[in-house]
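Here's the structure we're looking at; comments come further down.
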Amino acid sequence: MRVFSALGTQWRTDSGYATGFDYSALPEIWRRTKTNPSERDDVFDCLQVMEVAALEHMHRARKVKKNG
């Protein structure tokens, strides 16, 4: 969760829609969150699950807002 939160300002967008995280920020995020190198593969897998869930939520919320 710390890594997900730390990437909160690293969303890539296209035409106002979030498309996913900018993973190029991960080396700095790993360092700042003190993520153990041996845990990074598992953390990355969890991060992608949270990213997909967040994208689905954001896109669903945008549709609801658009349809009033």
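Residue numbering restarts at 1 in every chain; chains get A, B, ... in the order shown in the structure tokens, and ligands count up from 1 in that same order.
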Skipping near chain neighbours, those fewer than 6 positions away, what residues fall within 12 Å of Gly16 (chain A) using only C-alpha atoms, listed as a list in words?
Met58, His59 and Arg62 of chain A
Taking the chain letters and numbering used in this document, name the residues of chain A that DSSP puts in alpha helix (DSSP H), as number ranges by chain.
A: 2-6, 26-32, 40-67
Identify, on the basis of only C-alpha atoms, every residue whose closest approach to region 34-51 of chain A does not exceed 7 Å; exclude the query and any residue fewer than 4 positions from it along the same chain; express the result as a list in words.
Phe4, Gly20, Trp30 and Leu55 of chain A
Within 12 Å of Arg32 (chain A), counting only C-alpha atoms, which residues qualify if same-chain residues fewer than 5 places away don't, as a list in words?
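Within the cut-off, the hits are Arg2, Val3, Ser5, Ala6, Leu7, Ala25, Leu26 and Pro27 of chain A.
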I need the chosen residues saved as a PDB file, in the first residue's frame, with N, CA and C atoms.
ATOM      1  N   ARG A   2       2.020   1.211   0.665  1.00  0.00           N
ATOM      2  CA  ARG A   2       2.909   2.382   0.683  1.00  0.00           C
ATOM      3  C   ARG A   2       3.380   2.729  -0.724  1.00  0.00           C
ATOM      4  N   VAL A   3       3.714   1.719  -1.501  1.00  0.00           N
ATOM      5  CA  VAL A   3       4.189   1.956  -2.870  1.00  0.00           C
ATOM      6  C   VAL A   3       3.052   2.517  -3.714  1.00  0.00           C
ATOM      7  N   SER A   5       0.467   4.250  -2.732  1.00  0.00           N
ATOM      8  CA  SER A   5       0.249   5.636  -2.306  1.00  0.00           C
ATOM      9  C   SER A   5       1.345   6.558  -2.831  1.00  0.00           C
ATOM     10  N   ALA A   6       2.574   6.084  -2.767  1.00  0.00           N
ATOM     11  CA  ALA A   6       3.695   6.905  -3.234  1.00  0.00           C
ATOM     12  C   ALA A   6       3.626   7.166  -4.736  1.00  0.00           C
ATOM     13  N   LEU A   7       3.015   6.267  -5.481  1.00  0.00           N
ATOM     14  CA  LEU A   7       2.868   6.451  -6.928  1.00  0.00           C
ATOM     15  C   LEU A   7       1.636   7.282  -7.286  1.00  0.00           C
ATOM     16  N   ALA A  25       9.141   5.725 -12.387  1.00  0.00           N
ATOM     17  CA  ALA A  25       9.337   6.314 -11.063  1.00  0.00           C
ATOM     18  C   ALA A  25       9.648   5.259 -10.005  1.00  0.00           C
ATOM     19  N   LEU A  26       9.472   3.987 -10.324  1.00  0.00           N
ATOM     20  CA  LEU A  26       9.636   2.944  -9.307  1.00  0.00           C
ATOM     21  C   LEU A  26      10.997   2.900  -8.614  1.00  0.00           C
ATOM     22  N   PRO A  27      12.113   3.058  -9.298  1.00  0.00           N
ATOM     23  CA  PRO A  27      13.383   3.004  -8.556  1.00  0.00           C
ATOM     24  C   PRO A  27      13.440   4.011  -7.406  1.00  0.00           C
TER      25      PRO A  27
END
